[in-house]
Each structure stands twice: as structure tokens, then as C-alpha cells.
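One structure is given below, encoded as C-alpha cells.
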Amino acid sequence: MQPVINVKGTKLSVVSIHYRTTGEPSTVYAVDENGREYLFVEKVQSQYDTRPHVAVDNLSELLEYPELEARIVDGTNELIVHLDEMLAQENQELINIAVDAMECEADLPFDSHLSIKQKEYKLKQQRVLGLIDAVEEVKAFTEGYYANVDDQSLEA
């Protein structure tokens, strides 16, 4: 996955990233479309670096991973589709249990059969409600992810 560094709206291809022991990037080598190389250094350490460089406030905010972001979006969309399909299937099974309970001509006494079906219905209903919650959580996460991505692109 090829990261890019977004500096004032210009995206440069990242050649290498050097990290501090804390996991935060400290220096980034990048190249533009004409082959010019740039060294970006965090401001806190730029005074100690004697190489020609561009000092920036926060390198981690400038780094973008477009392929990774695309994979996250694709995976989330696939998950939403899968959960929607599961929800439709489980909801249909819930309806079938209710219909079966009302139309049953079993040898069991009606009260016993209805009690069994009621327990099945409640368990299936909890599963359906759980799936509804899961779909809502994934969609909320996705909306929050898009909002964060939009906010980051506005700041850079």
C-alpha cells in the first residue's frame, strides 16, 4: 500500500517513513511527479536536522493511505450488505415462527405448542434485534469514518 503525503493540497508519493520509538513518524521522504525529492521533518526535531528539509507540525496528519482507505470502505460496504441479507433472512424466519404458531395442527395440546413457539419467537426476535443494532452500529461507524476523513482533508 503506497502512502502519500498531502501538503497544502499537493499529494506526493512517499518513498520512506522513519518512525520514533513511540510509533509516530519523525521524517518522511517523498517525491513529486517530476522526480524532485523532499524531506519532511517534524518541527520539534527540525532544529536538530542539518539536511535541507520542510518542517511541518504533524506528519501523521499529512500522511494518507488511499489503498487502505479504499479497502476499509469496501469491507464496510460488504459487511453492511451481508448484515442486511442476514437481517432479511432472520426476519423471514421470525415471521414463519409466528405463522406456524398460529396455524399449527400438531398433536400437542395447543397451549404447549404455543408456549414452545413463543420461546422460539422470543429467541429469534432477540437475534433480529441484535442484527438491527449491528447494522446501525456499522452504518454509524461508516458515517463517522467518512466525517473524520472529510475533516482531515479540510485541515490539510
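Please note that chains go A, B, ... in the order of the C-alpha cells, that every chain numbers its residues from 1, and that ligands are numbered from 1 in the order shown.
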Contacts of Gly23 in chain A at 12 Å or less, counting only C-alpha atoms, minus same-chain residues fewer than 4 places along, as a PyMOL selection string? chain A and resi 17-19+27+59-60
For the selection just defined, write its residues with C-alpha atoms to a file, as a compact mmCIF listing (two decimals), in the first residue's frame.
# COMPACT_ATOMS: atom_id res chain seq x y z
CA ILE A 17 8.90 6.94 6.55
CA HIS A 18 11.10 6.99 9.64
CA TYR A 19 9.34 6.47 12.95
CA THR A 27 10.71 12.11 8.94
CA LEU A 59 3.41 14.40 9.93
CA SER A 60 0.87 11.75 10.92
Between A:Glu37, A:Glu90, A:Asp84, A:Asp74, smallest distance to Glu136 in chain A by only C-alpha atoms belongs to A:Asp84
